[in-house]
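Asker: I am sharing data28.cif, which consists of mmCIF, C-alpha atoms:
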```
data_final
#
loop_
_atom_site.group_PDB
_atom_site.id
_atom_site.type_symbol
_atom_site.label_atom_id
_atom_site.label_comp_id
_atom_site.auth_asym_id
_atom_site.auth_seq_id
_atom_site.Cartn_x
_atom_site.Cartn_y
_atom_site.Cartn_z
ATOM 1 C CA MET N 22 56.874 166.460 -174.637
ATOM 2 C CA ASN N 23 54.536 165.398 -177.423
ATOM 3 C CA LEU N 24 53.695 161.717 -177.045
ATOM 4 C CA ASP N 25 51.338 160.315 -179.667
ATOM 5 C CA LYS N 26 50.488 157.424 -177.375
ATOM 6 C CA PRO N 27 52.147 157.108 -173.954
ATOM 7 C CA TYR N 28 52.766 153.844 -172.127
ATOM 8 C CA ASN N 29 51.096 152.418 -169.057
ATOM 9 C CA ILE N 30 52.987 150.033 -166.813
ATOM 10 C CA SER N 31 51.170 146.836 -165.900
ATOM 11 C CA VAL N 32 52.357 144.109 -163.556
ATOM 12 C CA TYR N 33 51.627 140.396 -163.883
ATOM 13 C CA THR N 34 52.389 137.460 -161.622
ATOM 14 C CA ILE N 35 53.562 133.914 -162.205
ATOM 15 C CA VAL N 36 51.765 131.825 -159.571
ATOM 16 C CA LEU N 37 52.482 128.082 -159.322
ATOM 17 C CA ASN N 38 50.725 125.323 -157.361
ATOM 18 C CA ASP N 39 52.554 122.502 -155.576
ATOM 19 C CA LYS N 40 52.667 120.486 -158.823
ATOM 20 C CA GLY N 41 54.490 123.399 -160.478
ATOM 21 C CA GLU N 42 51.494 124.213 -162.667
ATOM 22 C CA LEU N 43 50.913 127.817 -163.744
ATOM 23 C CA LEU N 44 47.715 129.739 -162.961
ATOM 24 C CA LEU N 45 46.072 131.306 -166.012
ATOM 25 C CA LEU N 46 42.808 133.291 -166.039
ATOM 26 C CA LYS N 47 40.489 133.638 -169.028
ATOM 27 C CA ARG N 48 39.585 137.295 -169.610
ATOM 28 C CA SER N 49 35.949 138.338 -170.014
ATOM 29 C CA LYS N 50 34.765 138.769 -173.601
ATOM 30 C CA ASP N 51 33.931 142.448 -172.940
ATOM 31 C CA SER N 52 37.428 143.269 -171.623
ATOM 32 C CA ASN N 53 39.188 146.005 -173.639
ATOM 33 C CA ASN N 54 42.459 144.129 -173.188
ATOM 34 C CA ASN N 55 42.866 140.671 -174.757
ATOM 35 C CA PRO N 56 39.120 139.786 -174.533
ATOM 36 C CA GLY N 57 38.469 136.049 -174.216
ATOM 37 C CA LYS N 58 42.186 135.275 -173.961
ATOM 38 C CA TRP N 59 44.107 133.364 -171.271
ATOM 39 C CA ASP N 60 46.150 135.767 -169.172
ATOM 40 C CA LEU N 61 48.252 135.972 -166.004
ATOM 41 C CA PRO N 62 46.769 137.607 -162.882
ATOM 42 C CA GLY N 63 47.726 141.294 -162.887
ATOM 43 C CA GLY N 64 46.895 144.756 -164.166
ATOM 44 C CA LYS N 65 47.771 148.430 -164.260
ATOM 45 C CA MET N 66 50.254 149.853 -161.771
ATOM 46 C CA GLU N 67 49.322 153.312 -160.478
ATOM 47 C CA LEU N 68 52.010 156.039 -160.323
ATOM 48 C CA ASP N 69 51.646 156.307 -156.540
ATOM 49 C CA GLU N 70 51.850 152.574 -155.906
ATOM 50 C CA THR N 71 54.927 150.367 -155.439
ATOM 51 C CA LEU N 72 55.486 147.371 -157.699
ATOM 52 C CA LYS N 73 54.955 145.110 -154.680
ATOM 53 C CA GLU N 74 51.661 146.776 -153.706
ATOM 54 C CA ALA N 75 50.347 146.667 -157.273
ATOM 55 C CA LEU N 76 51.191 142.963 -157.637
ATOM 56 C CA MET N 77 49.646 141.943 -154.312
ATOM 57 C CA ARG N 78 46.519 144.053 -154.930
ATOM 58 C CA GLU N 79 45.885 142.781 -158.460
ATOM 59 C CA VAL N 80 46.384 139.102 -157.582
ATOM 60 C CA ARG N 81 44.151 139.405 -154.514
ATOM 61 C CA GLU N 82 41.399 141.213 -156.482
ATOM 62 C CA GLU N 83 41.442 138.738 -159.353
ATOM 63 C CA THR N 84 42.004 135.422 -157.550
ATOM 64 C CA GLY N 85 41.558 135.905 -153.786
ATOM 65 C CA ILE N 86 45.138 134.617 -153.367
ATOM 66 C CA SER N 87 47.779 136.407 -151.247
ATOM 67 C CA ILE N 88 51.242 136.329 -152.799
ATOM 68 C CA VAL N 89 54.715 137.510 -151.806
ATOM 69 C CA PRO N 90 56.352 139.086 -154.883
ATOM 70 C CA GLY N 91 59.826 137.766 -155.694
ATOM 71 C CA GLU N 92 62.222 138.415 -158.583
ATOM 72 C CA VAL N 93 61.284 140.119 -161.857
ATOM 73 C CA ALA N 94 61.140 137.307 -164.442
ATOM 74 C CA GLY N 95 60.754 139.396 -167.584
ATOM 75 C CA TYR N 96 58.684 141.798 -169.628
ATOM 76 C CA ALA N 97 56.660 142.162 -172.803
ATOM 77 C CA THR N 98 54.719 144.953 -174.491
ATOM 78 C CA TYR N 99 51.326 145.301 -176.154
ATOM 79 C CA GLU N 100 49.099 148.003 -177.521
ATOM 80 C CA LEU N 101 45.566 149.095 -176.580
ATOM 81 C CA PRO N 102 43.436 151.632 -178.501
ATOM 82 C CA GLU N 103 44.455 154.555 -176.238
ATOM 83 C CA ARG N 104 47.737 153.372 -174.719
ATOM 84 C CA LYS N 105 50.762 151.196 -175.174
ATOM 85 C CA VAL N 106 51.596 148.893 -172.255
ATOM 86 C CA ILE N 107 54.878 147.749 -170.720
ATOM 87 C CA ALA N 108 54.059 144.483 -168.915
ATOM 88 C CA ILE N 109 56.415 143.501 -166.083
ATOM 89 C CA ILE N 110 56.139 139.833 -165.060
ATOM 90 C CA VAL N 111 57.143 138.896 -161.509
ATOM 91 C CA ASP N 112 57.614 135.587 -159.686
ATOM 92 C CA GLY N 113 54.734 135.203 -157.211
ATOM 93 C CA GLY N 114 55.942 131.895 -155.753
ATOM 94 C CA TYR N 115 54.004 128.753 -154.853
ATOM 95 C CA VAL N 116 50.451 129.011 -153.485
ATOM 96 C CA THR N 117 47.617 126.833 -152.241
ATOM 97 C CA PRO N 118 45.235 126.479 -155.181
ATOM 98 C CA SER N 119 42.031 128.069 -153.935
ATOM 99 C CA VAL N 120 40.953 130.586 -156.564
ATOM 100 C CA LYS N 121 38.003 132.998 -156.356
ATOM 101 C CA LEU N 122 37.523 134.851 -159.641
ATOM 102 C CA SER N 123 36.331 138.466 -159.993
ATOM 103 C CA HIS N 124 34.048 139.774 -162.756
ATOM 104 C CA GLU N 125 37.134 140.414 -164.923
ATOM 105 C CA HIS N 126 37.592 136.715 -165.725
ATOM 106 C CA THR N 127 35.291 133.842 -166.629
ATOM 107 C CA GLU N 128 37.465 130.801 -165.975
ATOM 108 C CA TYR N 129 40.782 129.675 -164.524
ATOM 109 C CA SER N 130 43.177 126.860 -165.262
ATOM 110 C CA TRP N 131 46.346 125.340 -163.778
ATOM 111 C CA VAL N 132 48.559 124.566 -166.748
ATOM 112 C CA PRO N 133 51.712 122.407 -166.856
ATOM 113 C CA LEU N 134 54.538 124.732 -167.862
ATOM 114 C CA ASP N 135 55.510 122.628 -170.870
ATOM 115 C CA ASP N 136 52.034 123.208 -172.308
ATOM 116 C CA VAL N 137 51.733 126.987 -171.875
ATOM 117 C CA LEU N 138 53.060 128.023 -175.277
ATOM 118 C CA GLU N 139 50.715 125.556 -177.009
ATOM 119 C CA MET N 140 47.568 126.906 -175.305
ATOM 120 C CA PRO N 141 44.938 128.138 -177.751
ATOM 121 C CA MET N 142 43.772 131.694 -176.958
ATOM 122 C CA LEU N 143 46.890 132.610 -174.961
ATOM 123 C CA ALA N 144 47.313 136.427 -174.828
ATOM 124 C CA PRO N 145 49.896 137.259 -177.544
ATOM 125 C CA TYR N 146 52.154 139.306 -175.241
ATOM 126 C CA LEU N 147 52.546 136.197 -173.050
ATOM 127 C CA LYS N 148 53.850 134.217 -176.034
ATOM 128 C CA ASP N 149 56.552 136.887 -176.385
ATOM 129 C CA PHE N 150 57.319 136.741 -172.678
ATOM 130 C CA PHE N 151 57.471 132.929 -172.403
ATOM 131 C CA ARG N 152 59.562 132.553 -175.571
ATOM 132 C CA ARG N 153 62.070 135.100 -174.217
ATOM 133 C CA PHE N 154 61.932 133.483 -170.772
ATOM 134 C CA VAL N 155 62.792 130.032 -172.139
ATOM 135 C CA ASN N 156 65.733 131.512 -174.075
ATOM 136 C CA GLU N 157 67.032 133.367 -171.028
ATOM 137 C CA ASN N 158 66.729 130.536 -168.485
ATOM 138 C CA LYS N 159 68.131 127.100 -169.290
ATOM 139 C CA GLU N 160 65.683 125.493 -166.847
ATOM 140 C CA PRO N 161 62.419 127.334 -167.594
ATOM 141 C CA PHE N 162 61.247 127.157 -163.956
ATOM 142 C CA MET E 26 61.154 129.633 -159.771
ATOM 143 C CA ASN E 27 64.629 129.150 -161.182
ATOM 144 C CA LEU E 28 65.809 132.381 -162.806
ATOM 145 C CA ASP E 29 69.316 132.279 -164.286
ATOM 146 C CA LYS E 30 69.475 136.068 -164.170
ATOM 147 C CA PRO E 31 66.526 138.116 -162.897
ATOM 148 C CA TYR E 32 65.706 141.653 -163.996
ATOM 149 C CA ASN E 33 65.986 144.908 -162.120
ATOM 150 C CA ILE E 34 63.720 147.796 -163.000
ATOM 151 C CA SER E 35 65.419 151.132 -163.530
ATOM 152 C CA VAL E 36 63.769 154.473 -164.219
ATOM 153 C CA TYR E 37 65.196 157.275 -166.374
ATOM 154 C CA THR E 38 63.993 160.791 -167.052
ATOM 155 C CA ILE E 39 63.847 162.976 -170.130
ATOM 156 C CA VAL E 40 64.572 166.506 -168.878
ATOM 157 C CA LEU E 41 64.485 169.435 -171.326
ATOM 158 C CA ASN E 42 65.594 173.061 -170.936
ATOM 159 C CA ASP E 43 63.678 176.034 -172.358
ATOM 160 C CA LYS E 44 65.419 175.588 -175.725
ATOM 161 C CA GLY E 45 64.079 172.010 -175.856
ATOM 162 C CA GLU E 46 67.560 170.543 -175.386
ATOM 163 C CA LEU E 47 67.910 167.201 -173.613
ATOM 164 C CA LEU E 48 70.012 166.733 -170.461
ATOM 165 C CA LEU E 49 72.577 163.936 -170.719
ATOM 166 C CA LEU E 50 75.103 162.928 -168.032
ATOM 167 C CA LYS E 51 78.437 161.228 -168.674
ATOM 168 C CA ARG E 52 78.872 158.198 -166.414
ATOM 169 C CA SER E 53 82.043 157.749 -164.364
ATOM 170 C CA LYS E 54 84.648 155.421 -165.871
ATOM 171 C CA ASP E 55 84.442 153.131 -162.832
ATOM 172 C CA SER E 56 80.651 152.704 -163.090
ATOM 173 C CA ASN E 57 79.581 149.055 -163.532
ATOM 174 C CA ASN E 58 76.827 150.235 -165.881
ATOM 175 C CA ASN E 59 77.789 151.890 -169.192
ATOM 176 C CA PRO E 60 81.099 153.341 -167.858
ATOM 177 C CA GLY E 61 82.169 156.539 -169.646
ATOM 178 C CA LYS E 62 78.920 156.671 -171.652
ATOM 179 C CA TRP E 63 76.353 159.462 -171.965
ATOM 180 C CA ASP E 64 73.194 158.532 -170.087
ATOM 181 C CA LEU E 65 69.870 159.954 -168.875
ATOM 182 C CA PRO E 66 69.448 160.848 -165.180
ATOM 183 C CA GLY E 67 68.000 157.836 -163.388
ATOM 184 C CA GLY E 68 68.714 154.525 -161.716
ATOM 185 C CA LYS E 69 67.365 151.487 -159.930
ATOM 186 C CA MET E 70 63.805 151.486 -158.602
ATOM 187 C CA GLU E 71 63.421 149.774 -155.219
ATOM 188 C CA LEU E 72 60.550 147.291 -154.678
ATOM 189 C CA ASP E 73 59.102 149.471 -151.891
ATOM 190 C CA GLU E 74 59.267 152.707 -153.886
ATOM 191 C CA THR E 75 56.748 154.165 -156.344
ATOM 192 C CA LEU E 76 57.801 155.004 -159.885
ATOM 193 C CA LYS E 77 57.275 158.677 -159.073
ATOM 194 C CA GLU E 78 59.414 158.545 -155.915
ATOM 195 C CA ALA E 79 62.205 156.678 -157.678
ATOM 196 C CA LEU E 80 62.269 159.185 -160.569
ATOM 197 C CA MET E 81 62.269 162.258 -158.333
ATOM 198 C CA ARG E 82 64.916 160.780 -156.013
ATOM 199 C CA GLU E 83 67.299 159.711 -158.772
ATOM 200 C CA VAL E 84 67.099 163.011 -160.680
ATOM 201 C CA ARG E 85 67.588 165.023 -157.480
ATOM 202 C CA GLU E 86 70.577 162.882 -156.378
ATOM 203 C CA GLU E 87 72.285 163.031 -159.760
ATOM 204 C CA THR E 88 71.540 166.600 -160.892
ATOM 205 C CA GLY E 89 70.120 168.610 -157.974
ATOM 206 C CA ILE E 90 67.038 169.259 -160.122
ATOM 207 C CA SER E 91 63.445 168.717 -158.876
ATOM 208 C CA ILE E 92 61.156 167.246 -161.520
ATOM 209 C CA VAL E 93 57.473 166.363 -161.766
ATOM 210 C CA PRO E 94 57.180 162.985 -163.523
ATOM 211 C CA GLY E 95 54.735 162.924 -166.453
ATOM 212 C CA GLU E 96 53.879 160.247 -169.013
ATOM 213 C CA VAL E 97 55.894 157.084 -169.665
ATOM 214 C CA ALA E 98 57.685 157.699 -172.987
ATOM 215 C CA GLY E 99 59.113 154.237 -173.549
ATOM 216 C CA TYR E 100 61.443 151.470 -172.448
ATOM 217 C CA ALA E 101 64.598 149.592 -173.356
ATOM 218 C CA THR E 102 66.585 146.728 -171.841
ATOM 219 C CA TYR E 103 70.253 146.031 -171.151
ATOM 220 C CA GLU E 104 72.366 143.483 -169.355
ATOM 221 C CA LEU E 105 74.829 143.814 -166.452
ATOM 222 C CA PRO E 106 77.127 141.039 -165.179
ATOM 223 C CA GLU E 107 74.704 139.986 -162.403
ATOM 224 C CA ARG E 108 71.348 141.283 -163.657
ATOM 225 C CA LYS E 109 69.301 142.168 -166.658
ATOM 226 C CA VAL E 110 67.623 145.591 -166.560
ATOM 227 C CA ILE E 111 64.253 146.860 -167.781
ATOM 228 C CA ALA E 112 64.698 150.631 -168.247
ATOM 229 C CA ILE E 113 61.514 152.709 -168.089
ATOM 230 C CA ILE E 114 61.902 156.212 -169.542
ATOM 231 C CA VAL E 115 59.555 158.943 -168.282
ATOM 232 C CA ASP E 116 58.872 162.542 -169.344
ATOM 233 C CA GLY E 117 60.320 164.836 -166.649
ATOM 234 C CA GLY E 118 59.175 168.073 -168.295
ATOM 235 C CA TYR E 119 60.984 171.383 -168.734
ATOM 236 C CA VAL E 120 63.433 172.603 -166.073
ATOM 237 C CA THR E 121 65.705 175.534 -165.290
ATOM 238 C CA PRO E 122 69.182 174.416 -166.329
ATOM 239 C CA SER E 123 71.131 174.494 -163.062
ATOM 240 C CA VAL E 124 72.838 171.118 -162.722
ATOM 241 C CA LYS E 125 74.911 169.871 -159.737
ATOM 242 C CA LEU E 126 76.501 166.508 -160.514
ATOM 243 C CA SER E 127 77.086 163.706 -157.978
ATOM 244 C CA HIS E 128 80.137 161.382 -157.937
ATOM 245 C CA GLU E 129 78.332 159.061 -160.354
ATOM 246 C CA HIS E 130 78.909 161.344 -163.347
ATOM 247 C CA THR E 131 81.824 163.415 -164.621
ATOM 248 C CA GLU E 132 80.148 165.808 -167.074
ATOM 249 C CA TYR E 133 76.784 166.995 -168.339
ATOM 250 C CA SER E 134 75.529 168.318 -171.636
ATOM 251 C CA TRP E 135 72.357 169.869 -173.064
ATOM 252 C CA VAL E 136 71.906 168.271 -176.456
ATOM 253 C CA PRO E 137 69.566 169.352 -179.291
ATOM 254 C CA LEU E 138 67.170 166.463 -179.815
ATOM 255 C CA ASP E 139 68.061 166.096 -183.496
ATOM 256 C CA ASP E 140 71.647 165.349 -182.468
ATOM 257 C CA VAL E 141 71.063 162.748 -179.734
ATOM 258 C CA LEU E 142 71.295 159.648 -181.917
ATOM 259 C CA GLU E 143 74.544 160.880 -183.471
ATOM 260 C CA MET E 144 76.294 161.399 -180.101
ATOM 261 C CA PRO E 145 79.494 159.401 -179.716
ATOM 262 C CA MET E 146 79.537 157.321 -176.514
ATOM 263 C CA LEU E 147 75.744 157.313 -176.096
ATOM 264 C CA ALA E 148 74.665 154.372 -173.877
ATOM 265 C CA PRO E 149 73.516 151.642 -176.309
ATOM 266 C CA TYR E 150 70.131 151.074 -174.602
ATOM 267 C CA LEU E 151 69.321 154.762 -175.276
ATOM 268 C CA LYS E 152 69.899 154.256 -178.989
ATOM 269 C CA ASP E 153 67.253 151.517 -178.836
ATOM 270 C CA PHE E 154 64.900 153.766 -176.900
ATOM 271 C CA PHE E 155 65.300 156.863 -179.105
ATOM 272 C CA ARG E 156 64.979 154.869 -182.340
ATOM 273 C CA ARG E 157 61.745 153.289 -181.068
ATOM 274 C CA PHE E 158 60.562 156.672 -179.762
ATOM 275 C CA VAL E 159 61.030 158.378 -183.129
ATOM 276 C CA ASN E 160 59.082 155.557 -184.823
ATOM 277 C CA GLU E 161 56.240 155.752 -182.315
ATOM 278 C CA ASN E 162 55.816 159.548 -182.258
ATOM 279 C CA LYS E 163 55.503 161.519 -185.472
ATOM 280 C CA GLU E 164 56.807 164.641 -183.720
ATOM 281 C CA PRO E 165 59.687 163.284 -181.618
ATOM 282 C CA PHE E 166 59.126 165.825 -178.811
#
```
Can you give me the file's structure in the form of C-alpha cells?

Answerer:
Amino acid sequence: MNLDKPYNISVYTIVLNDKGELLLLKRSKDSNNNPGKWDLPGGKMELDETLKEALMREVREETGISIVPGEVAGYATYELPERKVIAIIVDGGYVTPSVKLSHEHTEYSWVPLDDVLEMPMLAPYLKDFFRRFVNENKEPF
Amino acid sequence: MNLDKPYNISVYTIVLNDKGELLLLKRSKDSNNNPGKWDLPGGKMELDETLKEALMREVREETGISIVPGEVAGYATYELPERKVIAIIVDGGYVTPSVKLSHEHTEYSWVPLDDVLEMPMLAPYLKDFFRRFVNENKEPF
C-alpha cells in the first residue's frame, strides 16, 4: 500500500492530584513535537507494546510517577513533518503529586480543570481533545 | 474520572489480493456493531495485547488468513450503545485469497478499490476512513 505519510499511535495520560487538578508538562523548546507547549505525559506506542505498558512507561519516564491505566477518555490527531499521529488519551487516576521531570520537559503545573482550555501555549491537539471531552461528558471529570 | 461513555480501541486491517482488490466481510444481522454491513476484518484490542497481536488474531479468527501488520493507514470513530470506539486501520499487505469465515460474518467480497466508497451497506465509519484516506494519499493505494 502506498501511504504518503503513515500514522504513529501515541498514548497520553490524564493524571489528577487529590484536589482534582490536572498534571501538564511543558515541552522542551527543541522538541520536534509541540516545542514549548503544555502537554500531557505520554508518547509513542511501539508496535510490540501493549497500551497499558506504553502508558505506564511514558508516565514513569517523564514524571517518575507510577500510574494504573483506566478507561480510554478520548482521542485527537496531529501532524509532524514525517508522520501523522493518532493520540489516545487514557484516564491515569489520582496520584500523589511528586513529579521528577526528564530532559523532555522544562516545567510542570497542576491546573484546575476549569482553566485548562484557557491555558496559553496548550498543545493544539489537546484543545481538540478537551473540547470533545466536555461535549461527550456532562460532568467533565 | 467520570466518563459518561468511555472508548474502546478496535483494530482493522486492509488486506489486498494480487489484483489489488480489498477484502470486505459482511457482518451477521445479529451483530451489535454495524449488523448486516460490509466491514474490514478486525475487532476489539485488549488492554494487555499489542496492536500487532490484536490485528493478527482478529484477521486469523475472522478469515483464516495470516497477515503481517504494516503501517497505520488511518482511523475513524463510531458509537455503540455502551461504548464509543476508536477504530485504527492498519495495512495488512497482500495475501493469497483463501478465506474461511467465522460465525461473525455471512459473506465476503474482494472489491476493486475504486468501487469501495460506492458499495451499498458499507459500514459508515469506513466511509469516513476511506474519504480521509483518499484526501491524505495522492495515490489511494

Asker: Expanded to explicit residues, what is the PyMOL selection byres ((chain E) within 10 of (chain N)) for this file, as a PyMOL selection string?

Answerer: chain E and resi 26-34+39-41+45+70-79+94-100+102+109-111+113-119+158+161-166

Asker: What does the distance between CA of Asp140 in chain E and CA of His128 in chain E come to in Å, to one decimal place?

Answerer: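 Result for CA of Asp140 in chain E versus CA of His128 in chain E: 26.3 Å, one decimal.
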
Asker: For CA of Val116 in chain N and CA of Ser52 in chain N, determine how far apart the two atoms are, in Å to one decimal place.

Answerer: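 Taking CA of Val116 in chain N and CA of Ser52 in chain N, their separation equals 26.5 Å.
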
Asker: Provide an axis-aligned box for all listed atoms of range 137-148 of chain E, padding each side by 5 Å; report its centre and its edge lengths in Å to one decimal, as AutoDock Vina command-line options.

Answerer:
```
--center_x 73.4 --center_y 161.9 --center_z -178.7 --size_x 22.4 --size_y 25.0 --size_z 19.6
```

Asker: Put chain E on top of chain N with a least-squares fit on all C-alpha atoms, paired in order, and send it back as a CSV table (one decimal) with C-alpha atoms, keeping the file's coordinate frame.

Answerer:
```
chain,number,residue,atom,x,y,z
E,26,MET,CA,56.8,166.5,-174.7
E,27,ASN,CA,54.5,165.4,-177.5
E,28,LEU,CA,53.7,161.7,-177.1
E,29,ASP,CA,51.3,160.3,-179.7
E,30,LYS,CA,50.5,157.4,-177.4
E,31,PRO,CA,52.1,157.1,-174.0
E,32,TYR,CA,52.7,153.8,-172.1
E,33,ASN,CA,51.1,152.4,-169.1
E,34,ILE,CA,53.0,150.0,-166.8
E,35,SER,CA,51.2,146.8,-165.9
E,36,VAL,CA,52.4,144.1,-163.6
E,37,TYR,CA,51.6,140.4,-163.9
E,38,THR,CA,52.4,137.5,-161.6
E,39,ILE,CA,53.6,133.9,-162.2
E,40,VAL,CA,51.8,131.8,-159.6
E,41,LEU,CA,52.5,128.1,-159.3
E,42,ASN,CA,50.7,125.3,-157.4
E,43,ASP,CA,52.5,122.5,-155.6
E,44,LYS,CA,52.6,120.5,-158.8
E,45,GLY,CA,54.5,123.4,-160.5
E,46,GLU,CA,51.5,124.2,-162.7
E,47,LEU,CA,50.9,127.8,-163.7
E,48,LEU,CA,47.7,129.7,-163.0
E,49,LEU,CA,46.1,131.3,-166.0
E,50,LEU,CA,42.8,133.3,-166.0
E,51,LYS,CA,40.5,133.7,-169.0
E,52,ARG,CA,39.6,137.3,-169.6
E,53,SER,CA,35.9,138.4,-170.0
E,54,LYS,CA,34.8,138.8,-173.6
E,55,ASP,CA,33.9,142.5,-172.9
E,56,SER,CA,37.4,143.3,-171.6
E,57,ASN,CA,39.2,146.0,-173.7
E,58,ASN,CA,42.5,144.1,-173.2
E,59,ASN,CA,42.9,140.7,-174.8
E,60,PRO,CA,39.1,139.8,-174.5
E,61,GLY,CA,38.5,136.0,-174.2
E,62,LYS,CA,42.2,135.3,-173.9
E,63,TRP,CA,44.1,133.4,-171.3
E,64,ASP,CA,46.2,135.8,-169.2
E,65,LEU,CA,48.3,136.0,-166.0
E,66,PRO,CA,46.8,137.6,-162.9
E,67,GLY,CA,47.7,141.3,-162.9
E,68,GLY,CA,46.9,144.7,-164.2
E,69,LYS,CA,47.8,148.4,-164.3
E,70,MET,CA,50.3,149.8,-161.8
E,71,GLU,CA,49.3,153.3,-160.4
E,72,LEU,CA,52.0,156.0,-160.3
E,73,ASP,CA,51.6,156.3,-156.5
E,74,GLU,CA,51.9,152.6,-155.9
E,75,THR,CA,54.9,150.4,-155.4
E,76,LEU,CA,55.5,147.4,-157.7
E,77,LYS,CA,55.0,145.1,-154.7
E,78,GLU,CA,51.7,146.8,-153.7
E,79,ALA,CA,50.4,146.7,-157.3
E,80,LEU,CA,51.2,142.9,-157.6
E,81,MET,CA,49.7,141.9,-154.3
E,82,ARG,CA,46.5,144.0,-154.9
E,83,GLU,CA,45.9,142.8,-158.5
E,84,VAL,CA,46.4,139.1,-157.6
E,85,ARG,CA,44.2,139.4,-154.5
E,86,GLU,CA,41.4,141.2,-156.5
E,87,GLU,CA,41.4,138.8,-159.3
E,88,THR,CA,42.0,135.4,-157.6
E,89,GLY,CA,41.6,135.9,-153.8
E,90,ILE,CA,45.1,134.6,-153.4
E,91,SER,CA,47.8,136.4,-151.3
E,92,ILE,CA,51.3,136.3,-152.8
E,93,VAL,CA,54.7,137.5,-151.8
E,94,PRO,CA,56.4,139.1,-154.9
E,95,GLY,CA,59.8,137.8,-155.7
E,96,GLU,CA,62.2,138.4,-158.6
E,97,VAL,CA,61.3,140.1,-161.9
E,98,ALA,CA,61.2,137.3,-164.5
E,99,GLY,CA,60.8,139.4,-167.6
E,100,TYR,CA,58.7,141.8,-169.6
E,101,ALA,CA,56.7,142.2,-172.8
E,102,THR,CA,54.7,145.0,-174.5
E,103,TYR,CA,51.3,145.3,-176.2
E,104,GLU,CA,49.1,148.0,-177.5
E,105,LEU,CA,45.5,149.1,-176.6
E,106,PRO,CA,43.4,151.6,-178.5
E,107,GLU,CA,44.4,154.6,-176.2
E,108,ARG,CA,47.7,153.4,-174.7
E,109,LYS,CA,50.7,151.2,-175.2
E,110,VAL,CA,51.6,148.9,-172.3
E,111,ILE,CA,54.9,147.7,-170.7
E,112,ALA,CA,54.1,144.5,-168.9
E,113,ILE,CA,56.4,143.5,-166.1
E,114,ILE,CA,56.1,139.8,-165.1
E,115,VAL,CA,57.2,138.9,-161.5
E,116,ASP,CA,57.6,135.6,-159.7
E,117,GLY,CA,54.7,135.2,-157.2
E,118,GLY,CA,55.9,131.9,-155.8
E,119,TYR,CA,54.0,128.7,-154.9
E,120,VAL,CA,50.4,129.0,-153.5
E,121,THR,CA,47.6,126.8,-152.3
E,122,PRO,CA,45.2,126.5,-155.2
E,123,SER,CA,42.0,128.1,-153.9
E,124,VAL,CA,41.0,130.6,-156.6
E,125,LYS,CA,38.0,133.0,-156.4
E,126,LEU,CA,37.5,134.9,-159.6
E,127,SER,CA,36.3,138.5,-160.0
E,128,HIS,CA,34.0,139.8,-162.8
E,129,GLU,CA,37.1,140.4,-164.9
E,130,HIS,CA,37.6,136.7,-165.7
E,131,THR,CA,35.3,133.9,-166.6
E,132,GLU,CA,37.5,130.8,-166.0
E,133,TYR,CA,40.8,129.7,-164.5
E,134,SER,CA,43.2,126.9,-165.3
E,135,TRP,CA,46.3,125.3,-163.8
E,136,VAL,CA,48.6,124.6,-166.8
E,137,PRO,CA,51.7,122.4,-166.9
E,138,LEU,CA,54.5,124.7,-167.9
E,139,ASP,CA,55.5,122.6,-170.9
E,140,ASP,CA,52.0,123.2,-172.3
E,141,VAL,CA,51.7,127.0,-171.9
E,142,LEU,CA,53.1,128.0,-175.3
E,143,GLU,CA,50.7,125.6,-177.0
E,144,MET,CA,47.6,126.9,-175.3
E,145,PRO,CA,44.9,128.1,-177.8
E,146,MET,CA,43.8,131.7,-177.0
E,147,LEU,CA,46.9,132.6,-175.0
E,148,ALA,CA,47.3,136.4,-174.8
E,149,PRO,CA,49.9,137.3,-177.6
E,150,TYR,CA,52.2,139.3,-175.2
E,151,LEU,CA,52.6,136.2,-173.1
E,152,LYS,CA,53.8,134.2,-176.0
E,153,ASP,CA,56.5,136.9,-176.4
E,154,PHE,CA,57.3,136.7,-172.7
E,155,PHE,CA,57.5,132.9,-172.4
E,156,ARG,CA,59.6,132.5,-175.6
E,157,ARG,CA,62.1,135.1,-174.2
E,158,PHE,CA,61.9,133.5,-170.8
E,159,VAL,CA,62.8,130.0,-172.1
E,160,ASN,CA,65.7,131.5,-174.0
E,161,GLU,CA,67.0,133.4,-171.0
E,162,ASN,CA,66.7,130.5,-168.5
E,163,LYS,CA,68.1,127.1,-169.2
E,164,GLU,CA,65.7,125.5,-166.7
E,165,PRO,CA,62.4,127.4,-167.5
E,166,PHE,CA,61.2,127.2,-163.9
```
